[in-house]
Protein chains: 2
Amino acid sequence: MRDTDQQTPKDKGQRTTGNGQKITALAGGVGAAKFLLGLTRVMPPENLTIIANTGDDVEHFGLRISPDIDTVTYTLAGVINEATGWGLADDSFECLQWLARYDEATWFNLGDKDFATHIYRTNALKQGKTLSDVTRHISASLGVRSTILPMSDAYTPTRVQTDEGELHFQEYFVRRRCEPQVLEIRFDNIATAKPAHGVLAAIGDADAVVICPSNPFISISPILAVPGIRKALQQTAAQVIAITPIIAGQALKGPAADMLRDLGHEVSARGVAAMYQDFVNLFVLDEADAALQSSIAAFGMQVAVMNTLMKTLADKEQLARRVLALMA
Amino acid sequence: MRDTDQQTPKDKGQRTTGNGQKITALAGGVGAAKFLLGLTRVMPPENLTIIANTGDDVEHFGLRISPDIDTVTYTLAGVINEATGWGLADDSFECLQWLARYDEATWFNLGDKDFATHIYRTNALKQGKTLSDVTRHISASLGVRSTILPMSDAYTPTRVQTDEGELHFQEYFVRRRCEPQVLEIRFDNIATAKPAHGVLAAIGDADAVVICPSNPFISISPILAVPGIRKALQQTAAQVIAITPIIAGQALKGPAADMLRDLGHEVSARGVAAMYQDFVNLFVLDEADAALQSSIAAFGMQVAVMNTLMKTLADKEQLARRVLALMA
């Protein structure tokens with residue numbers, strides 16, 4: 001939540017921040033999953049609710065794929081392919097290779113085990129279940145103890161307008177490897193999408209909300225674009241903490257830096273903070289960007305500076321502990 | 001074709017039966033595929049058109065599976081799992097095992113490569129292609145030179161009324177291992193199903209039509225039940241030859257013998273011949289059943305006696321050569 005006076009930093013997070021506190025996180029894929037893995041190891045995972053981006057969901061081979069939900073789920077379940085950050089560990093690619101015999105486009109890499117998730121999801125949706133139902137069943141089946149909610153049960157795929165024409169986000173991201181210049185980003189059906197059941201309550205009832213270190217344009221913006229969610233973040237009594245996805249002008253993964261530039265934003269953590277200034281109270285800045293502290297504080301946020309690079313499990317836990325400490 | 005006078009055996013097959021002759025085969029799964037493999041090795045495979053049963057098609061995991069088409073296609077492509085007679089050689093089962101984590105019923109065994117076929121088919125059908133289109137594309141992609149036609153583009157799944165209630169054929173066959181007693185068999189939507197494009201012409205224009213050694217109830221009857229097909233068989237100028245699927249009262253594979261008994265037919269090759277007497281000219285009987293020759297001839301068919309057991313590739317080729325010789 002932010003004060004109406006955006007120029008005045010305000011200390012929020014007055015609530016008890018012991019083990020009993022409820023934390024809600026807005027999450028994209030790989031970067032978010034790393035932080036959330038750390039978080040679930042230093043707090044009771046049952047007290048964590050994750051609102052996952054579904055803007056990068058895609059239909060491929062006729063199957064509904066929810067890459068960010070799956071990355072978060074697989075990571076928290078301990079079955080993620082750690083080398084890539086997505087997909088399942090020790091997976092094989094027999095199905096995909098056989099699909100290539102039928103001239104199917106195989107740029108979207110799916111393993112045999114991973115296909116099971118998409119087949120299950122597609123069939124359950126066809127039978128009338130919601131994406132929330134499906135996500136709950138998959139995460140429970142894999143032993144995840146935190147709650148993972150899709151931002152919406154609606155299908156709101158991200159379309160990227162580029163100098164090569166409009167592409168589905170996954171075409172831009174995976175097939176074209178972020179090479180086209182981004183002119184505009186939009187989310188199909190977003191105006192009529194509703195937050196999934198539990199999303200607004202998770203924001204309103206939390207002791208703290210964390211915006212994970214995810215791409216602001218294609219991971220966090222789709223969540224914010226679901227009618228009602230941004231307003232809930234502005235209005236919640238919870239402290240809202242954002243962790244920078246940009247360190248020294250570079251995105252740790254993916255096209256966030258390119259998108260900031262292409263879309264006319266400053267390519268820095270401050271550029272991201274500016275996008276969140278109406279609802280974030282506290283911005284976690286990387287040590288490498290300590291010089292930006294006062295200019296981000298000018299947006300009306302507290303600013304904490306720490307190492308945000310998560311190379312090892314210990315890094316993830318340390319960042320999680322330090323973010324938790326900010327809530328105390 | 002049969003004469004109107006069913007009591008008079010009639011010698012058909014007057015046409016040239018050299019390499020140029022066109023043969024059309026009605027086929028179920030494993031037994032048919034064995035014979036057809038032999039046939040394609042002793043005649044130009046391009047001259048063979050196969051009308052495949054789709055009565056045992058099933059939707060499983062939300063995917064459309066066409067077991068008999070796939071068995072015939074994989075066999076002719078040389079990629080069948082020879083140990084089982086169905087599925088692909090050297091396949092793995094990672095996807096199916098992962099589906100089990102989501103509590104999906106995994107009694108219908110599908111390999112990772114095989115899943116690719118069903119994913120491709122389901123997606124193509126969803127995009128408006130017909131089962132004929134899909135079947136042509138898959139068989140061409142795998143290098144099959146014969147033409148494989150589904151009996152119909154309609155979905156006409158076989159329902160088996162049993163003493164345990166109504167089951168989809170695959171539930172009866174795979175999950176319940178043919179244990180329930182069969183009371184009745186019906187095919188959904190069959191009254192409005194149309195023969196797939198090319199099916200009636202393939203029967204009408206052929207030099208010879210072969211009814212493969214397949215279960216008469218659940219492999220051949222569904223084909224005959226598509227409006228127009230049985231009549232085309234009765235009216236074609238082609239010789240119509242059936243190869244017995246029953247040897248010494250036993251089905252070589254599957255529940256044909258049990259079904260003959262349960263449904264009140266004689267459990268013998270003669271029981272099968274009786275079901276085909278309105279359109280078959282020549283019945284190929286196994287040596288073990290030579291004693292039935294005259295009583296089958298009484299149905300108004302010629303009868304040829306030979307070894308019909310196909311254990312080896314040489315057996316398949318020999319049976320195919322002998323059946324071809326009958327057309328000469």
# chains A, B, ... in the order shown; residues from 1 in each chain; ligands from 1

call {"tool": "interface_residues", "arguments": {"of": "chain A", "to": "chain B", "cutoff": "10 Å", "atoms": "only C-alpha atoms", "output": "PDB file with N, CA and C atoms, in the first residue's frame"}}
result
ATOM      1  N   HIS A  60      -0.028 -24.718 -27.090  1.00  0.00           N
ATOM      2  CA  HIS A  60       0.939 -25.253 -28.036  1.00  0.00           C
ATOM      3  C   HIS A  60       0.649 -26.739 -28.179  1.00  0.00           C
ATOM      4  N   PHE A  61       0.687 -27.221 -29.387  1.00  0.00           N
ATOM      5  CA  PHE A  61       0.265 -28.597 -29.676  1.00  0.00           C
ATOM      6  C   PHE A  61      -1.169 -28.830 -29.161  1.00  0.00           C
ATOM      7  N   GLY A  62      -1.949 -27.755 -29.048  1.00  0.00           N
ATOM      8  CA  GLY A  62      -3.303 -27.910 -28.529  1.00  0.00           C
ATOM      9  C   GLY A  62      -3.358 -28.075 -27.021  1.00  0.00           C
ATOM     10  N   LEU A  63      -2.224 -27.942 -26.368  1.00  0.00           N
ATOM     11  CA  LEU A  63      -2.174 -28.108 -24.910  1.00  0.00           C
ATOM     12  C   LEU A  63      -2.003 -26.755 -24.243  1.00  0.00           C
ATOM     13  N   ASP A  91      14.365 -35.100 -17.260  1.00  0.00           N
ATOM     14  CA  ASP A  91      13.304 -35.366 -18.232  1.00  0.00           C
ATOM     15  C   ASP A  91      13.933 -35.821 -19.556  1.00  0.00           C
ATOM     16  N   SER A  92      13.111 -36.472 -20.355  1.00  0.00           N
ATOM     17  CA  SER A  92      13.541 -36.907 -21.687  1.00  0.00           C
ATOM     18  C   SER A  92      12.658 -36.199 -22.717  1.00  0.00           C
ATOM     19  N   PHE A  93      12.981 -36.309 -23.986  1.00  0.00           N
ATOM     20  CA  PHE A  93      12.300 -35.524 -25.014  1.00  0.00           C
ATOM     21  C   PHE A  93      11.832 -36.393 -26.179  1.00  0.00           C
ATOM     22  N   GLU A  94      11.410 -37.605 -25.839  1.00  0.00           N
ATOM     23  CA  GLU A  94      10.974 -38.540 -26.878  1.00  0.00           C
ATOM     24  C   GLU A  94       9.718 -38.059 -27.590  1.00  0.00           C
ATOM     25  N   CYS A  95       8.779 -37.563 -26.812  1.00  0.00           N
ATOM     26  CA  CYS A  95       7.501 -37.132 -27.398  1.00  0.00           C
ATOM     27  C   CYS A  95       7.741 -35.965 -28.358  1.00  0.00           C
ATOM     28  N   LEU A  96       8.496 -34.983 -27.906  1.00  0.00           N
ATOM     29  CA  LEU A  96       8.769 -33.807 -28.744  1.00  0.00           C
ATOM     30  C   LEU A  96       9.483 -34.212 -30.029  1.00  0.00           C
ATOM     31  N   GLN A  97      10.437 -35.116 -29.894  1.00  0.00           N
ATOM     32  CA  GLN A  97      11.176 -35.544 -31.088  1.00  0.00           C
ATOM     33  C   GLN A  97      10.265 -36.286 -32.065  1.00  0.00           C
ATOM     34  N   TRP A  98       9.319 -37.035 -31.516  1.00  0.00           N
ATOM     35  CA  TRP A  98       8.398 -37.736 -32.415  1.00  0.00           C
ATOM     36  C   TRP A  98       7.433 -36.739 -33.064  1.00  0.00           C
ATOM     37  N   LEU A  99       7.026 -35.729 -32.327  1.00  0.00           N
ATOM     38  CA  LEU A  99       6.176 -34.681 -32.919  1.00  0.00           C
ATOM     39  C   LEU A  99       6.879 -34.027 -34.109  1.00  0.00           C
ATOM     40  N   ALA A 100       8.192 -33.919 -34.032  1.00  0.00           N
ATOM     41  CA  ALA A 100       8.939 -33.320 -35.147  1.00  0.00           C
ATOM     42  C   ALA A 100       8.762 -34.141 -36.428  1.00  0.00           C
ATOM     43  N   ARG A 101       8.537 -35.443 -36.291  1.00  0.00           N
ATOM     44  CA  ARG A 101       8.287 -36.269 -37.481  1.00  0.00           C
ATOM     45  C   ARG A 101       7.018 -35.842 -38.195  1.00  0.00           C
ATOM     46  N   TYR A 102       6.097 -35.276 -37.429  1.00  0.00           N
ATOM     47  CA  TYR A 102       4.838 -34.822 -38.031  1.00  0.00           C
ATOM     48  C   TYR A 102       4.921 -33.351 -38.431  1.00  0.00           C
ATOM     49  N   ASP A 103       6.160 -32.831 -38.522  1.00  0.00           N
ATOM     50  CA  ASP A 103       6.402 -31.435 -38.911  1.00  0.00           C
ATOM     51  C   ASP A 103       5.849 -30.434 -37.915  1.00  0.00           C
ATOM     52  N   GLU A 104       5.647 -30.862 -36.696  1.00  0.00           N
ATOM     53  CA  GLU A 104       5.185 -29.913 -35.697  1.00  0.00           C
ATOM     54  C   GLU A 104       6.369 -29.039 -35.272  1.00  0.00           C
ATOM     55  N   GLY A 111       9.504 -31.572 -22.136  1.00  0.00           N
ATOM     56  CA  GLY A 111       9.954 -32.926 -21.828  1.00  0.00           C
ATOM     57  C   GLY A 111       8.783 -33.887 -21.670  1.00  0.00           C
ATOM     58  N   ASP A 112       9.092 -35.159 -21.643  1.00  0.00           N
ATOM     59  CA  ASP A 112       8.047 -36.178 -21.571  1.00  0.00           C
ATOM     60  C   ASP A 112       7.242 -36.082 -20.281  1.00  0.00           C
ATOM     61  N   LYS A 113       7.938 -35.885 -19.151  1.00  0.00           N
ATOM     62  CA  LYS A 113       7.228 -35.753 -17.871  1.00  0.00           C
ATOM     63  C   LYS A 113       6.427 -34.457 -17.850  1.00  0.00           C
ATOM     64  N   ASP A 114       7.057 -33.402 -18.350  1.00  0.00           N
ATOM     65  CA  ASP A 114       6.411 -32.092 -18.388  1.00  0.00           C
ATOM     66  C   ASP A 114       5.125 -32.151 -19.221  1.00  0.00           C
ATOM     67  N   PHE A 115       5.149 -32.917 -20.322  1.00  0.00           N
ATOM     68  CA  PHE A 115       3.937 -33.084 -21.134  1.00  0.00           C
ATOM     69  C   PHE A 115       2.774 -33.575 -20.276  1.00  0.00           C
ATOM     70  N   ALA A 116       3.075 -34.422 -19.298  1.00  0.00           N
ATOM     71  CA  ALA A 116       2.007 -34.956 -18.452  1.00  0.00           C
ATOM     72  C   ALA A 116       1.260 -33.822 -17.758  1.00  0.00           C
ATOM     73  N   THR A 117       1.999 -32.824 -17.294  1.00  0.00           N
ATOM     74  CA  THR A 117       1.368 -31.684 -16.636  1.00  0.00           C
ATOM     75  C   THR A 117       0.432 -30.965 -17.603  1.00  0.00           C
ATOM     76  N   HIS A 118       0.895 -30.761 -18.823  1.00  0.00           N
ATOM     77  CA  HIS A 118       0.082 -30.012 -19.785  1.00  0.00           C
ATOM     78  C   HIS A 118      -1.106 -30.828 -20.277  1.00  0.00           C
ATOM     79  N   ILE A 119      -0.899 -32.127 -20.408  1.00  0.00           N
ATOM     80  CA  ILE A 119      -2.012 -33.005 -20.797  1.00  0.00           C
ATOM     81  C   ILE A 119      -3.060 -33.026 -19.690  1.00  0.00           C
ATOM     82  N   TYR A 120      -2.593 -33.169 -18.444  1.00  0.00           N
ATOM     83  CA  TYR A 120      -3.537 -33.167 -17.326  1.00  0.00           C
ATOM     84  C   TYR A 120      -4.310 -31.845 -17.279  1.00  0.00           C
ATOM     85  N   ARG A 121      -3.571 -30.741 -17.383  1.00  0.00           N
ATOM     86  CA  ARG A 121      -4.209 -29.414 -17.286  1.00  0.00           C
ATOM     87  C   ARG A 121      -5.250 -29.219 -18.395  1.00  0.00           C
ATOM     88  N   THR A 122      -4.851 -29.543 -19.613  1.00  0.00           N
ATOM     89  CA  THR A 122      -5.728 -29.325 -20.766  1.00  0.00           C
ATOM     90  C   THR A 122      -7.006 -30.138 -20.626  1.00  0.00           C
ATOM     91  N   ASN A 123      -6.843 -31.382 -20.207  1.00  0.00           N
ATOM     92  CA  ASN A 123      -8.005 -32.255 -20.064  1.00  0.00           C
ATOM     93  C   ASN A 123      -8.909 -31.790 -18.929  1.00  0.00           C
ATOM     94  N   ALA A 124      -8.320 -31.373 -17.832  1.00  0.00           N
ATOM     95  CA  ALA A 124      -9.121 -30.907 -16.690  1.00  0.00           C
ATOM     96  C   ALA A 124      -9.884 -29.635 -17.070  1.00  0.00           C
ATOM     97  N   LEU A 125      -9.232 -28.725 -17.776  1.00  0.00           N
ATOM     98  CA  LEU A 125      -9.918 -27.498 -18.214  1.00  0.00           C
ATOM     99  C   LEU A 125     -11.069 -27.847 -19.159  1.00  0.00           C
ATOM    100  N   LYS A 126     -10.812 -28.806 -20.053  1.00  0.00           N
ATOM    101  CA  LYS A 126     -11.837 -29.244 -21.007  1.00  0.00           C
ATOM    102  C   LYS A 126     -13.046 -29.810 -20.273  1.00  0.00           C
ATOM    103  N   GLN A 127     -12.782 -30.437 -19.139  1.00  0.00           N
ATOM    104  CA  GLN A 127     -13.867 -31.033 -18.359  1.00  0.00           C
ATOM    105  C   GLN A 127     -14.518 -30.033 -17.419  1.00  0.00           C
ATOM    106  N   VAL A 134      -6.931 -26.767 -11.194  1.00  0.00           N
ATOM    107  CA  VAL A 134      -5.842 -27.537 -11.793  1.00  0.00           C
ATOM    108  C   VAL A 134      -4.528 -27.259 -11.065  1.00  0.00           C
ATOM    109  N   HIS A 137      -4.457 -28.852  -7.679  1.00  0.00           N
ATOM    110  CA  HIS A 137      -4.281 -30.302  -7.733  1.00  0.00           C
ATOM    111  C   HIS A 137      -2.838 -30.680  -8.084  1.00  0.00           C
ATOM    112  N   ILE A 138      -2.281 -29.973  -9.053  1.00  0.00           N
ATOM    113  CA  ILE A 138      -0.904 -30.295  -9.459  1.00  0.00           C
ATOM    114  C   ILE A 138       0.066 -30.008  -8.318  1.00  0.00           C
ATOM    115  N   SER A 139      -0.071 -28.838  -7.696  1.00  0.00           N
ATOM    116  CA  SER A 139       0.896 -28.495  -6.650  1.00  0.00           C
ATOM    117  C   SER A 139       0.733 -29.430  -5.448  1.00  0.00           C
ATOM    118  N   ALA A 140      -0.512 -29.769  -5.109  1.00  0.00           N
ATOM    119  CA  ALA A 140      -0.716 -30.703  -3.997  1.00  0.00           C
ATOM    120  C   ALA A 140      -0.153 -32.087  -4.345  1.00  0.00           C
ATOM    121  N   SER A 141      -0.370 -32.510  -5.582  1.00  0.00           N
ATOM    122  CA  SER A 141       0.117 -33.831  -6.003  1.00  0.00           C
ATOM    123  C   SER A 141       1.639 -33.913  -5.921  1.00  0.00           C
ATOM    124  N   LEU A 142       2.291 -32.775  -6.136  1.00  0.00           N
ATOM    125  CA  LEU A 142       3.757 -32.765  -6.117  1.00  0.00           C
ATOM    126  C   LEU A 142       4.311 -32.379  -4.740  1.00  0.00           C
TER     127      LEU A 142
END

call {"tool": "residues_around", "arguments": {"residues": "A:Gln170", "least_positions_apart": "6", "cutoff": "10 Å", "atoms": "only C-alpha atoms", "output": "PyMOL selection string"}}
result
chain A and resi 56-60+67+107-108+157-160+176-178

call {"tool": "select_by_dssp", "arguments": {"residues": "stretch 91-243 of chain B", "states": "helix (DSSP H, G or I)", "output": "count of residues only"}}
result
67

call {"tool": "residues_around", "arguments": {"residues": "A:Thr162", "least_positions_apart": "4", "cutoff": "7 Å", "atoms": "only C-alpha atoms", "output": "mmCIF file with N, CA and C atoms, in the first residue's frame"}}
result
data_model
loop_
_atom_site.group_PDB
_atom_site.id
_atom_site.type_symbol
_atom_site.label_atom_id
_atom_site.label_comp_id
_atom_site.auth_asym_id
_atom_site.auth_seq_id
_atom_site.Cartn_x
_atom_site.Cartn_y
_atom_site.Cartn_z
ATOM 1 N N GLU A 166 3.061 -8.693 -34.693
ATOM 2 C CA GLU A 166 2.623 -9.147 -33.374
ATOM 3 C C GLU A 166 2.986 -10.610 -33.154
ATOM 4 N N PRO A 180 13.435 -9.395 -31.748
ATOM 5 C CA PRO A 180 12.697 -8.255 -32.317
ATOM 6 C C PRO A 180 12.611 -7.095 -31.324
ATOM 7 N N GLN A 181 12.490 -5.889 -31.881
ATOM 8 C CA GLN A 181 12.315 -4.722 -31.013
ATOM 9 C C GLN A 181 10.871 -4.684 -30.527
ATOM 10 N N VAL A 182 10.678 -4.429 -29.250
ATOM 11 C CA VAL A 182 9.340 -4.412 -28.671
ATOM 12 C C VAL A 182 8.737 -3.014 -28.810
ATOM 13 N N LEU A 183 7.547 -2.959 -29.401
ATOM 14 C CA LEU A 183 6.865 -1.677 -29.578
ATOM 15 C C LEU A 183 5.764 -1.492 -28.537
#

call {"tool": "select_by_dssp", "arguments": {"residues": "stretch 68-238 of chain B", "states": "strand (DSSP E or B)", "output": "NGL selection string"}}
result
:B and (80 or 88 or 147-150 or 152 or 158-162 or 165-168 or 182-187 or 195 or 208-211)

call {"tool": "closest_residue", "arguments": {"among": "B:Glu164, B:Asp205, B:Glu184, B:Glu179", "to": "B:Leu260", "atoms": "only C-alpha atoms"}}
result
B:Glu184

call {"tool": "residues_around", "arguments": {"residues": "stretch 248-254 of chain B", "least_positions_apart": "6", "cutoff": "9 Å", "atoms": "only C-alpha atoms", "output": "PyMOL selection string"}}
result
chain B and resi 30-31+173+178+214-215+266-269+286+288-289+309

call {"tool": "atom_distance", "arguments": {"atom1": "atom CA of B:Arg270", "atom2": "atom CA of B:Ile241"}}
result
14.4 Å

call {"tool": "residues_around", "arguments": {"residues": "B:Arg186", "least_positions_apart": "2", "cutoff": "10 Å", "atoms": "only C-alpha atoms", "output": "PyMOL selection string"}}
result
chain B and resi 55+156-161+168-169+184+188-190+217-218+221-222+225

call {"tool": "residues_around", "arguments": {"residues": "B:Asn53", "least_positions_apart": "4", "cutoff": "10 Å", "atoms": "only C-alpha atoms", "output": "NGL selection string"}}
result
:B and (26-29 or 57 or 66-69 or 149-152 or 214 or 218-224)

call {"tool": "closest_residue", "arguments": {"among": "B:Ile247, B:Ala52, B:Ala191, B:Leu76", "to": "B:Met310", "atoms": "only C-alpha atoms"}}
result
B:Ile247

call {"tool": "residues_around", "arguments": {"residues": "B:Ala290", "least_positions_apart": "6", "cutoff": "10 Å", "atoms": "only C-alpha atoms", "output": "number ranges by chain"}}
result
B: 248, 303-306

call {"tool": "atom_distance", "arguments": {"atom1": "atom CA of B:Asp133", "atom2": "atom CA of B:Thr71"}}
result
17.3 Å

call {"tool": "closest_residue", "arguments": {"among": "A:Ala232, A:Leu292, A:Ala320, A:Ala89", "to": "A:Cys212", "atoms": "only C-alpha atoms"}}
result
A:Ala320
